[in-house]
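**Q** Supplied in structure tokens, the structure appears directly below.
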Amino acid sequence: EKSIEEKNEEEDNVLEIPEEKETPKERDVEKEPLNCLKVVVIRARKLKAMDRCGTSDPYVRISVDGEIGRTTAKKKTLRPKWVETVKLSVEKSDVTAIFTVMDSDVLDSDDVIGFVVIPMRELINEYPRRDWFPLRANVEMINSTRANENDQG
């Protein structure tokens with residue numbers, strides 16, 4: 001039987017969020033306010049090429065109940081590695097976290113490569129959580145999820 005890592009290597013268009021031991025050095029959780037969600041985005045692999053040259057300039061945009069954070073854009077890659085911490089203030093536990101992998105464009109608007117929607121309760125109950133998340137490509141779904149978040153607030 002294949003290991004989790006071997007199974008995950010076969011999937012295309014995925015995003016990894018780490019377990020505690022792989023997070024950056026700023027691990028002093030006691031200094032963080034109780035409503036601070038701290039997410040470390042590690043890497044993605046086998047992303048869709050969105051640029052004419054056959055690559056993308058990906059970054060991750062994280063949205064929770066109107067709060068938005070993002071990673072830096074990585075140039076010309078389909079296997080970006082970030083290992084970046086994004087902190088968001090979260091007041092409610094009944095909302096969703098939307099992780100959108102975007103292609104940064106200088107001349108045009110940024111393109112959605114894919115996204116993952118994770119209920120906040122799942123993130124809280126399974127903290128710390130390390131996993132690979134297959135990215136969805138349905139742009140209409142992300143728009144409806146944003147509309148639902150706006151209705152809740």
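Ordered as shown in the structure tokens, chains take letters A, B, and onward, while each chain numbers its residues from 1 and ligands are numbered from 1 in the order shown.
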Fewer than 6 positions away in the same chain doesn't count, so skip those; otherwise give me all residues within 8 Å of Lys74 in chain A, counting only C-alpha atoms, as a PyMOL selection string.
**A** chain A and resi 57-59+80-82
**Q** Go ahead and write the selection's residues with N, CA, C and O atoms as a tab-separated table (two decimals), in the first residue's frame.
**A**
```
chain	number	residue	atom	x	y	z
A	57	ASP	N	3.01	32.53	-12.09
A	57	ASP	CA	3.65	33.31	-11.03
A	57	ASP	C	2.72	33.24	-9.81
A	57	ASP	O	2.03	34.21	-9.48
A	58	PRO	N	2.68	32.07	-9.14
A	58	PRO	CA	1.64	31.83	-8.13
A	58	PRO	C	1.88	32.51	-6.78
A	58	PRO	O	3.01	32.70	-6.35
A	59	TYR	N	0.76	32.85	-6.16
A	59	TYR	CA	0.72	33.27	-4.77
A	59	TYR	C	-0.58	32.73	-4.19
A	59	TYR	O	-1.47	32.31	-4.92
A	80	PRO	N	5.77	26.02	-6.67
A	80	PRO	CA	6.27	27.07	-5.76
A	80	PRO	C	6.47	26.56	-4.33
A	80	PRO	O	5.77	25.67	-3.88
A	81	LYS	N	7.45	27.14	-3.66
A	81	LYS	CA	7.69	26.86	-2.24
A	81	LYS	C	7.69	28.20	-1.53
A	81	LYS	O	8.49	29.08	-1.84
A	82	TRP	N	6.78	28.36	-0.55
A	82	TRP	CA	6.65	29.62	0.18
A	82	TRP	C	7.23	29.53	1.59
A	82	TRP	O	8.01	30.35	1.98
```
**Q** Can you measure CA of Thr55 in chain A to CA of Arg43 in chain A for me? One decimal in Å is fine.
**A**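 Between these atoms lies a distance of 15.5 Å.
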**Q** If you count only C-alpha atoms, which residues fall within 7 Å of range 66-69 of chain A, apart from same-chain ones fewer than 6 positions away, as a list in words?
**A**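 Counting only C-alpha atoms, the residues come to Val86, Leu88 and Ser89 of chain A.
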**Q** Which residues are close to Lys76 in chain A, i.e. within 12 Å by only C-alpha atoms, leaving aside same-chain residues fewer than 3 positions away? Reply as a list of chain:residue names.
**A**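 Listed by chain and then number, they are A:Leu47, A:Lys48, A:Ala49, A:Met50, A:Asp51, A:Arg52, A:Cys53, A:Gly54, A:Thr55, A:Ser56, A:Asp57, A:Pro58, A:Tyr59, A:Ala73, A:Arg79, A:Pro80, A:Lys81, A:Asp103, A:Ser104, A:Asp105.
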**Q** Just want the 7 Å neighbourhood of Val90 in chain A, counted on only C-alpha atoms, with same-chain residues fewer than 5 positions away dropped. Output as a PyMOL selection string.
**A** chain A and resi 35-37
**Q** Which residues are close to Gly114 in chain A, i.e. within 8 Å by only C-alpha atoms, leaving aside same-chain residues fewer than 6 positions away? Reply as a ChimeraX atom specification.
**A** /A:13,100-102,135-138
**Q** Could you write those residues out with all heavy atoms, as a short mmCIF file (atom, residue, chain, number, x, y, z; two decimals), in the first residue's frame?
**A**
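And here is the file that came out, result.cif:
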```
data_model
loop_
_atom_site.label_atom_id
_atom_site.label_comp_id
_atom_site.auth_asym_id
_atom_site.auth_seq_id
_atom_site.Cartn_x
_atom_site.Cartn_y
_atom_site.Cartn_z
N ASN A 13 -2.23 19.81 -9.16
CA ASN A 13 -2.86 21.06 -8.72
C ASN A 13 -3.24 21.01 -7.24
O ASN A 13 -4.40 21.06 -6.89
CB ASN A 13 -4.11 21.31 -9.58
CG ASN A 13 -4.32 22.77 -9.86
OD1 ASN A 13 -3.38 23.54 -9.93
ND2 ASN A 13 -5.56 23.15 -10.01
N THR A 100 -6.99 30.59 -2.08
CA THR A 100 -7.04 30.71 -3.53
C THR A 100 -5.62 30.86 -4.06
O THR A 100 -4.90 31.78 -3.67
CB THR A 100 -7.87 31.94 -3.95
OG1 THR A 100 -9.12 31.90 -3.29
CG2 THR A 100 -8.09 31.95 -5.45
N VAL A 101 -5.22 29.95 -4.94
CA VAL A 101 -3.92 30.07 -5.58
C VAL A 101 -4.14 30.90 -6.84
O VAL A 101 -4.95 30.55 -7.69
CB VAL A 101 -3.31 28.69 -5.91
CG1 VAL A 101 -1.95 28.85 -6.58
CG2 VAL A 101 -3.18 27.85 -4.65
N MET A 102 -3.43 32.02 -6.91
CA MET A 102 -3.58 32.98 -7.99
C MET A 102 -2.31 33.05 -8.82
O MET A 102 -1.22 32.81 -8.31
CB MET A 102 -3.88 34.37 -7.42
CG MET A 102 -5.07 34.46 -6.50
SD MET A 102 -6.64 34.35 -7.36
CE MET A 102 -6.63 35.86 -8.32
N LEU A 135 -6.82 21.38 -5.45
CA LEU A 135 -7.43 22.68 -5.78
C LEU A 135 -8.60 22.49 -6.71
O LEU A 135 -8.54 21.73 -7.67
CB LEU A 135 -6.39 23.60 -6.44
CG LEU A 135 -5.19 23.95 -5.58
CD1 LEU A 135 -4.20 24.77 -6.38
CD2 LEU A 135 -5.63 24.70 -4.34
N ARG A 136 -9.67 23.21 -6.43
CA ARG A 136 -10.83 23.24 -7.32
C ARG A 136 -10.60 24.33 -8.36
O ARG A 136 -9.91 25.30 -8.10
CB ARG A 136 -12.10 23.55 -6.55
CG ARG A 136 -12.42 22.55 -5.49
CD ARG A 136 -13.72 22.94 -4.83
NE ARG A 136 -13.89 22.25 -3.57
CZ ARG A 136 -14.90 22.45 -2.78
NH1 ARG A 136 -15.83 23.32 -3.07
NH2 ARG A 136 -15.00 21.78 -1.65
N ALA A 137 -11.27 24.19 -9.49
CA ALA A 137 -11.09 25.18 -10.55
C ALA A 137 -12.37 25.93 -10.87
O ALA A 137 -12.37 26.77 -11.74
CB ALA A 137 -10.57 24.48 -11.81
N ASN A 138 -13.47 25.65 -10.17
CA ASN A 138 -14.75 26.27 -10.48
C ASN A 138 -14.83 27.68 -9.91
O ASN A 138 -15.05 27.88 -8.74
CB ASN A 138 -15.88 25.40 -9.91
CG ASN A 138 -17.24 25.92 -10.26
OD1 ASN A 138 -17.39 27.04 -10.74
ND2 ASN A 138 -18.25 25.12 -10.02
#
```
**Q** As a PyMOL selection string, which residues of range 43-101 of chain A does DSSP assign to strand (DSSP E)?
**A** chain A and resi 43-45+58-64+67-70+81-89+96-101
**Q** Considering only C-alpha atoms, state which residue in the set A:Leu15, A:Val106, A:Val39, A:Ala97 is at the smallest distance from Arg121 in chain A.
**A**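 With only C-alpha atoms as the atom set, the closest residue is A:Ala97.
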**Q** Hey, which of A:Arg70, A:Lys87, A:Arg130, A:Arg61 ends up closest to Phe99 in chain A? Count only C-alpha atoms.
**A**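 Of all the options, A:Arg61 lies closest to Phe99 in chain A.
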